[in-house]
Amino acid sequence: MVRVEFLGPIQKDALELEITNLNELAAILQADESLHEWLKNSAVALNDTLVSSLEGALKDGDKISLLPPVCGG
Amino acid sequence: MLYLYDGALDVPTILADWYAEEATSNYGAYIPFVGTVRSEDGIDGLSFDIYEPILNSWFASWQEKAKQQGAVIKMAHSRGDVLLHESSYIAAVFSPKRRVALEFIDAFVEDFKASAPIWKYDLKDAKRIYALERSTAIQGSGLLAK
């Protein structure tokens, strides 16, 4: 099971998904109309490290986070 | 050294504490940047969410860069609500020489704005409104979009 968390202003509860790679996650999230704009402007972290590609396998216990646009200070 | 606080920062105390911590460290320059909430667009204040695991690793990478230049970086930030004329952010660099500290604080604060996982909301009419227009998408965003 992979946990997917939506950070900051994305008003959505975390998901627990049976997925094996980020392409599967992309397909699932793209089907959710409420996430349409967030997917375009959010960065993705796997186990708290930002990722730059959808390649690579996911394993049980992995955590994915979506990070929408930031503005500290 | 990264410090997170609930609510507004006690600026005089934090600046004095940092000064005292490094008073005998032989740094020639101490350059603090203090961010204060301004009155604009009818807001009552700002509010912040922070994702600490990635903030910690982002800050650690800057601490390492500072170390390579013989400098030290310190940062304090608020969680939750910060009202008008209160402060939510302090960054400071200590370095042996002035030039390194001036350039470092500029680069650090710019990257902080673009990369640190902190989300800002306007407090207005008892609502918390995400400041999307003033926010920056983190480099590499949009990976999961069509």
# chains A, B, ... in the order shown; residues from 1 in each chain; ligands from 1
>>> closest_atom_pairs(of="chain A", to="chain B", cutoff="12 Å", atoms="only C-alpha atoms", output="JSON lines")
{"residue": "A:Glu5", "atom": "CA", "partner": "B:Tyr51", "partner_atom": "CA", "distance": 11.1}
{"residue": "A:Phe6", "atom": "CA", "partner": "B:Tyr51", "partner_atom": "CA", "distance": 10.7}
{"residue": "A:Leu7", "atom": "CA", "partner": "B:Tyr51", "partner_atom": "CA", "distance": 7.5}
{"residue": "A:Gly8", "atom": "CA", "partner": "B:Trp119", "partner_atom": "CA", "distance": 5.8}
{"residue": "A:Pro9", "atom": "CA", "partner": "B:Tyr130", "partner_atom": "CA", "distance": 6.4}
{"residue": "A:Ile10", "atom": "CA", "partner": "B:Tyr130", "partner_atom": "CA", "distance": 9.6}
{"residue": "A:Gln11", "atom": "CA", "partner": "B:Tyr130", "partner_atom": "CA", "distance": 11.1}
{"residue": "A:Asn21", "atom": "CA", "partner": "B:Leu144", "partner_atom": "CA", "distance": 11.7}
{"residue": "A:Leu22", "atom": "CA", "partner": "B:Leu144", "partner_atom": "CA", "distance": 7.9}
{"residue": "A:Asn23", "atom": "CA", "partner": "B:Leu144", "partner_atom": "CA", "distance": 7.8}
{"residue": "A:Glu24", "atom": "CA", "partner": "B:Leu144", "partner_atom": "CA", "distance": 9.8}
{"residue": "A:Leu25", "atom": "CA", "partner": "B:Leu144", "partner_atom": "CA", "distance": 7.8}
{"residue": "A:Ala26", "atom": "CA", "partner": "B:Leu144", "partner_atom": "CA", "distance": 4.8}
{"residue": "A:Ala27", "atom": "CA", "partner": "B:Leu144", "partner_atom": "CA", "distance": 8.2}
{"residue": "A:Ile28", "atom": "CA", "partner": "B:Leu144", "partner_atom": "CA", "distance": 9.8}
{"residue": "A:Leu29", "atom": "CA", "partner": "B:Leu144", "partner_atom": "CA", "distance": 7.8}
{"residue": "A:Gln30", "atom": "CA", "partner": "B:Ala145", "partner_atom": "CA", "distance": 6.7}
{"residue": "A:Ala31", "atom": "CA", "partner": "B:Lys146", "partner_atom": "CA", "distance": 10.1}
{"residue": "A:Asp32", "atom": "CA", "partner": "B:Ala145", "partner_atom": "CA", "distance": 11.2}
{"residue": "A:Glu33", "atom": "CA", "partner": "B:Ala145", "partner_atom": "CA", "distance": 11.6}
{"residue": "A:Leu35", "atom": "CA", "partner": "B:Ala145", "partner_atom": "CA", "distance": 9.3}
{"residue": "A:His36", "atom": "CA", "partner": "B:Ala145", "partner_atom": "CA", "distance": 7.5}
{"residue": "A:Glu37", "atom": "CA", "partner": "B:Ala145", "partner_atom": "CA", "distance": 8.5}
{"residue": "A:Trp38", "atom": "CA", "partner": "B:Gly142", "partner_atom": "CA", "distance": 8.2}
{"residue": "A:Leu39", "atom": "CA", "partner": "B:Ala145", "partner_atom": "CA", "distance": 4.9}
{"residue": "A:Lys40", "atom": "CA", "partner": "B:Gly142", "partner_atom": "CA", "distance": 4.2}
{"residue": "A:Asn41", "atom": "CA", "partner": "B:Gly142", "partner_atom": "CA", "distance": 5.1}
{"residue": "A:Ser42", "atom": "CA", "partner": "B:Ser141", "partner_atom": "CA", "distance": 4.8}
{"residue": "A:Ala43", "atom": "CA", "partner": "B:Ser141", "partner_atom": "CA", "distance": 3.9}
{"residue": "A:Val44", "atom": "CA", "partner": "B:Ser141", "partner_atom": "CA", "distance": 7.0}
{"residue": "A:Ala45", "atom": "CA", "partner": "B:Ile54", "partner_atom": "CA", "distance": 8.8}
{"residue": "A:Leu46", "atom": "CA", "partner": "B:Ile54", "partner_atom": "CA", "distance": 10.6}
{"residue": "A:Asn47", "atom": "CA", "partner": "B:Pro53", "partner_atom": "CA", "distance": 9.4}
{"residue": "A:Asp48", "atom": "CA", "partner": "B:Ile54", "partner_atom": "CA", "distance": 5.7}
{"residue": "A:Thr49", "atom": "CA", "partner": "B:Ile54", "partner_atom": "CA", "distance": 7.0}
{"residue": "A:Leu50", "atom": "CA", "partner": "B:Ile54", "partner_atom": "CA", "distance": 8.4}
{"residue": "A:Val51", "atom": "CA", "partner": "B:Gly140", "partner_atom": "CA", "distance": 7.9}
{"residue": "A:Ser52", "atom": "CA", "partner": "B:Gly140", "partner_atom": "CA", "distance": 5.9}
{"residue": "A:Ser53", "atom": "CA", "partner": "B:Leu143", "partner_atom": "CA", "distance": 7.0}
{"residue": "A:Leu54", "atom": "CA", "partner": "B:Leu143", "partner_atom": "CA", "distance": 7.3}
{"residue": "A:Glu55", "atom": "CA", "partner": "B:Leu143", "partner_atom": "CA", "distance": 10.9}
{"residue": "A:Ile64", "atom": "CA", "partner": "B:Leu144", "partner_atom": "CA", "distance": 11.6}
{"residue": "A:Ser65", "atom": "CA", "partner": "B:Tyr51", "partner_atom": "CA", "distance": 10.0}
{"residue": "A:Leu66", "atom": "CA", "partner": "B:Ser141", "partner_atom": "CA", "distance": 9.3}
{"residue": "A:Leu67", "atom": "CA", "partner": "B:Pro117", "partner_atom": "CA", "distance": 7.2}
{"residue": "A:Pro68", "atom": "CA", "partner": "B:Ala137", "partner_atom": "CA", "distance": 6.5}
{"residue": "A:Pro69", "atom": "CA", "partner": "B:Ala137", "partner_atom": "CA", "distance": 4.0}
{"residue": "A:Val70", "atom": "CA", "partner": "B:Ser135", "partner_atom": "CA", "distance": 5.0}
{"residue": "A:Cys71", "atom": "CA", "partner": "B:Ser135", "partner_atom": "CA", "distance": 4.7}
{"residue": "A:Gly72", "atom": "CA", "partner": "B:Ile118", "partner_atom": "CA", "distance": 5.0}
{"residue": "A:Gly73", "atom": "CA", "partner": "B:Tyr89", "partner_atom": "CA", "distance": 5.0}
>>> write_last_selection(atoms="C-alpha atoms", output="compact mmCIF listing (two decimals), in the first residue's frame")
# COMPACT_ATOMS: atom_id res chain seq x y z
CA GLU A 5 -0.79 13.00 1.00
CA PHE A 6 -2.05 16.37 -0.27
CA LEU A 7 -0.23 19.22 1.42
CA GLY A 8 -1.03 22.83 2.23
CA PRO A 9 -4.15 24.24 0.59
CA ILE A 10 -5.21 21.07 -1.27
CA GLN A 11 -8.32 20.17 0.66
CA ASN A 21 4.59 3.22 -10.03
CA LEU A 22 3.92 6.95 -10.41
CA ASN A 23 2.32 6.55 -13.84
CA GLU A 24 -0.48 4.56 -12.20
CA LEU A 25 -0.84 7.31 -9.61
CA ALA A 26 -0.99 9.97 -12.33
CA ALA A 27 -3.84 8.10 -14.07
CA ILE A 28 -5.83 7.75 -10.81
CA LEU A 29 -5.39 11.40 -9.80
CA GLN A 30 -6.11 12.71 -13.31
CA ALA A 31 -9.54 11.08 -13.06
CA ASP A 32 -10.36 13.29 -10.05
CA GLU A 33 -11.78 16.55 -11.37
CA LEU A 35 -7.37 17.82 -8.53
CA HIS A 36 -7.18 19.01 -12.13
CA GLU A 37 -5.58 22.41 -11.42
CA TRP A 38 -3.47 21.13 -8.50
CA LEU A 39 -1.81 18.46 -10.64
CA LYS A 40 -0.60 21.15 -13.04
CA ASN A 41 1.10 23.27 -10.38
CA SER A 42 2.13 20.75 -7.74
CA ALA A 43 5.51 19.14 -7.18
CA VAL A 44 5.76 15.49 -6.14
CA ALA A 45 7.85 13.98 -3.35
CA LEU A 46 8.53 10.30 -2.76
CA ASN A 47 9.38 9.58 0.89
CA ASP A 48 10.03 13.31 1.42
CA THR A 49 12.44 13.70 -1.51
CA LEU A 50 11.27 15.66 -4.57
CA VAL A 51 11.13 13.59 -7.76
CA SER A 52 11.74 14.79 -11.31
CA SER A 53 10.36 11.86 -13.28
CA LEU A 54 7.61 9.26 -13.13
CA GLU A 55 10.06 6.41 -13.70
CA ILE A 64 3.98 10.30 -1.86
CA SER A 65 3.30 13.97 -1.19
CA LEU A 66 1.84 16.61 -3.51
CA LEU A 67 3.24 20.09 -2.87
CA PRO A 68 1.27 22.99 -4.39
CA PRO A 69 2.88 26.42 -5.05
CA VAL A 70 4.74 27.80 -2.03
CA CYS A 71 5.13 31.22 -0.47
CA GLY A 72 7.02 31.37 2.80
CA GLY A 73 8.07 34.51 4.60
>>> select_by_dssp(residues="chain A", states="strand (DSSP E or B)", output="PyMOL selection string")
chain A and resi 2-6+15-17+21+43-46+49-50+57+63-67+70
>>> select_by_dssp(residues="segment 2-142 of chain B", states="alpha helix (DSSP H)", output="MDAnalysis selection string")
chainID B and resid 11:22 52:68 98:115
>>> write_last_selection(atoms="N, CA and C atoms", output="compact mmCIF listing (two decimals), in the first residue's frame")
# COMPACT_ATOMS: atom_id res chain seq x y z
N VAL B 11 10.82 38.94 17.63
CA VAL B 11 12.00 39.34 16.86
C VAL B 11 13.16 39.81 17.73
N PRO B 12 12.93 40.74 18.68
CA PRO B 12 14.09 41.21 19.47
C PRO B 12 14.80 40.08 20.20
N THR B 13 14.01 39.14 20.75
CA THR B 13 14.62 38.04 21.51
C THR B 13 15.41 37.11 20.60
N ILE B 14 14.81 36.77 19.44
CA ILE B 14 15.49 35.85 18.53
C ILE B 14 16.79 36.47 18.01
N LEU B 15 16.74 37.73 17.59
CA LEU B 15 17.96 38.37 17.08
C LEU B 15 19.03 38.46 18.16
N ALA B 16 18.59 38.77 19.38
CA ALA B 16 19.56 38.88 20.48
C ALA B 16 20.16 37.51 20.82
N ASP B 17 19.29 36.47 20.81
CA ASP B 17 19.78 35.11 21.10
C ASP B 17 20.81 34.69 20.06
N TRP B 18 20.50 34.93 18.78
CA TRP B 18 21.42 34.52 17.71
C TRP B 18 22.74 35.28 17.83
N TYR B 19 22.64 36.56 18.15
CA TYR B 19 23.85 37.38 18.32
C TYR B 19 24.70 36.79 19.45
N ALA B 20 24.03 36.46 20.55
CA ALA B 20 24.77 35.92 21.70
C ALA B 20 25.41 34.57 21.37
N GLU B 21 24.67 33.74 20.61
CA GLU B 21 25.19 32.42 20.26
C GLU B 21 26.51 32.50 19.49
N GLU B 22 26.63 33.53 18.66
CA GLU B 22 27.81 33.62 17.79
C GLU B 22 28.77 34.74 18.19
N GLU B 52 7.24 20.03 7.48
CA GLU B 52 8.56 20.05 8.11
C GLU B 52 9.58 19.07 7.52
N PRO B 53 9.19 17.83 7.13
CA PRO B 53 10.25 16.91 6.65
C PRO B 53 11.05 17.50 5.47
N ILE B 54 10.35 18.09 4.51
CA ILE B 54 11.07 18.62 3.34
C ILE B 54 11.71 19.97 3.67
N LEU B 55 11.07 20.76 4.54
CA LEU B 55 11.71 22.01 4.96
C LEU B 55 13.05 21.72 5.64
N ASN B 56 13.07 20.68 6.46
CA ASN B 56 14.31 20.33 7.17
C ASN B 56 15.41 19.93 6.20
N SER B 57 15.08 19.13 5.18
CA SER B 57 16.14 18.70 4.25
C SER B 57 16.57 19.86 3.36
N TRP B 58 15.60 20.72 2.96
CA TRP B 58 15.96 21.91 2.18
C TRP B 58 16.91 22.79 2.99
N PHE B 59 16.58 23.01 4.26
CA PHE B 59 17.43 23.87 5.09
C PHE B 59 18.81 23.25 5.30
N ALA B 60 18.84 21.93 5.48
CA ALA B 60 20.14 21.25 5.69
C ALA B 60 21.05 21.46 4.48
N SER B 61 20.48 21.47 3.28
CA SER B 61 21.31 21.65 2.08
C SER B 61 21.90 23.07 2.07
N TRP B 62 21.16 24.05 2.56
CA TRP B 62 21.69 25.43 2.63
C TRP B 62 22.70 25.57 3.76
N GLN B 63 22.49 24.83 4.82
CA GLN B 63 23.47 24.86 5.92
C GLN B 63 24.82 24.34 5.42
N GLU B 64 24.75 23.31 4.58
CA GLU B 64 25.98 22.73 4.02
C GLU B 64 26.67 23.74 3.11
N LYS B 65 25.86 24.45 2.27
CA LYS B 65 26.44 25.48 1.39
C LYS B 65 27.10 26.58 2.21
N ALA B 66 26.45 26.96 3.31
CA ALA B 66 27.01 28.00 4.17
C ALA B 66 28.34 27.54 4.76
N LYS B 67 28.34 26.30 5.21
CA LYS B 67 29.54 25.74 5.85
C LYS B 67 30.73 25.78 4.90
N GLN B 68 30.45 25.48 3.61
CA GLN B 68 31.53 25.47 2.62
C GLN B 68 32.15 26.86 2.45
N ARG B 98 31.97 40.35 5.12
CA ARG B 98 30.70 40.97 4.76
C ARG B 98 30.16 40.50 3.40
N ARG B 99 31.02 40.45 2.38
CA ARG B 99 30.56 40.17 1.02
C ARG B 99 29.88 38.80 0.92
N VAL B 100 30.49 37.79 1.53
CA VAL B 100 29.90 36.44 1.52
C VAL B 100 28.52 36.47 2.15
N ALA B 101 28.39 37.16 3.27
CA ALA B 101 27.11 37.18 3.99
C ALA B 101 26.03 37.91 3.17
N LEU B 102 26.39 39.01 2.55
CA LEU B 102 25.41 39.77 1.76
C LEU B 102 24.91 38.95 0.57
N GLU B 103 25.83 38.31 -0.13
CA GLU B 103 25.43 37.51 -1.29
C GLU B 103 24.65 36.28 -0.85
N PHE B 104 25.08 35.70 0.27
CA PHE B 104 24.44 34.46 0.73
C PHE B 104 23.00 34.71 1.17
N ILE B 105 22.76 35.79 1.89
CA ILE B 105 21.40 36.05 2.38
C ILE B 105 20.47 36.30 1.20
N ASP B 106 20.98 36.95 0.16
CA ASP B 106 20.17 37.21 -1.03
C ASP B 106 19.78 35.89 -1.71
N ALA B 107 20.77 35.03 -1.96
CA ALA B 107 20.51 33.75 -2.63
C ALA B 107 19.61 32.86 -1.77
N PHE B 108 19.85 32.87 -0.47
CA PHE B 108 19.08 32.02 0.44
C PHE B 108 17.61 32.43 0.45
N VAL B 109 17.35 33.73 0.60
CA VAL B 109 15.95 34.18 0.71
C VAL B 109 15.23 33.96 -0.63
N GLU B 110 15.91 34.16 -1.75
CA GLU B 110 15.28 33.91 -3.05
C GLU B 110 14.88 32.44 -3.18
N ASP B 111 15.78 31.53 -2.83
CA ASP B 111 15.46 30.11 -2.94
C ASP B 111 14.41 29.71 -1.91
N PHE B 112 14.45 30.33 -0.75
CA PHE B 112 13.41 30.10 0.27
C PHE B 112 12.03 30.39 -0.32
N LYS B 113 11.92 31.52 -1.00
CA LYS B 113 10.62 31.91 -1.59
C LYS B 113 10.17 30.90 -2.65
N ALA B 114 11.13 30.36 -3.40
CA ALA B 114 10.80 29.49 -4.54
C ALA B 114 10.65 28.02 -4.17
N SER B 115 11.25 27.61 -3.06
CA SER B 115 11.37 26.17 -2.81
C SER B 115 10.91 25.69 -1.44
>>> atom_distance(atom1="atom CA of Met1 of chain B", atom2="atom CA of Asp122 of chain B")
27.6 Å
>>> residues_around(residues="Glu16 of chain A", least_positions_apart="5", cutoff="7 Å", atoms="only C-alpha atoms", output="list of chain:residue names")
A:Met1, A:Val2, A:Arg3, A:Val4
>>> write_last_selection(atoms="N, CA and C atoms", output="compact mmCIF listing (two decimals), in the first residue's frame")
# COMPACT_ATOMS: atom_id res chain seq x y z
N MET A 1 0.84 -1.20 0.00
CA MET A 1 0.00 0.00 0.00
C MET A 1 0.87 1.25 0.00
N VAL A 2 0.50 2.18 -0.85
CA VAL A 2 1.24 3.45 -0.94
C VAL A 2 0.33 4.56 -0.43
N ARG A 3 0.87 5.42 0.44
CA ARG A 3 0.08 6.52 0.99
C ARG A 3 0.34 7.79 0.18
N VAL A 4 -0.75 8.49 -0.16
CA VAL A 4 -0.63 9.73 -0.94
C VAL A 4 -1.20 10.87 -0.11
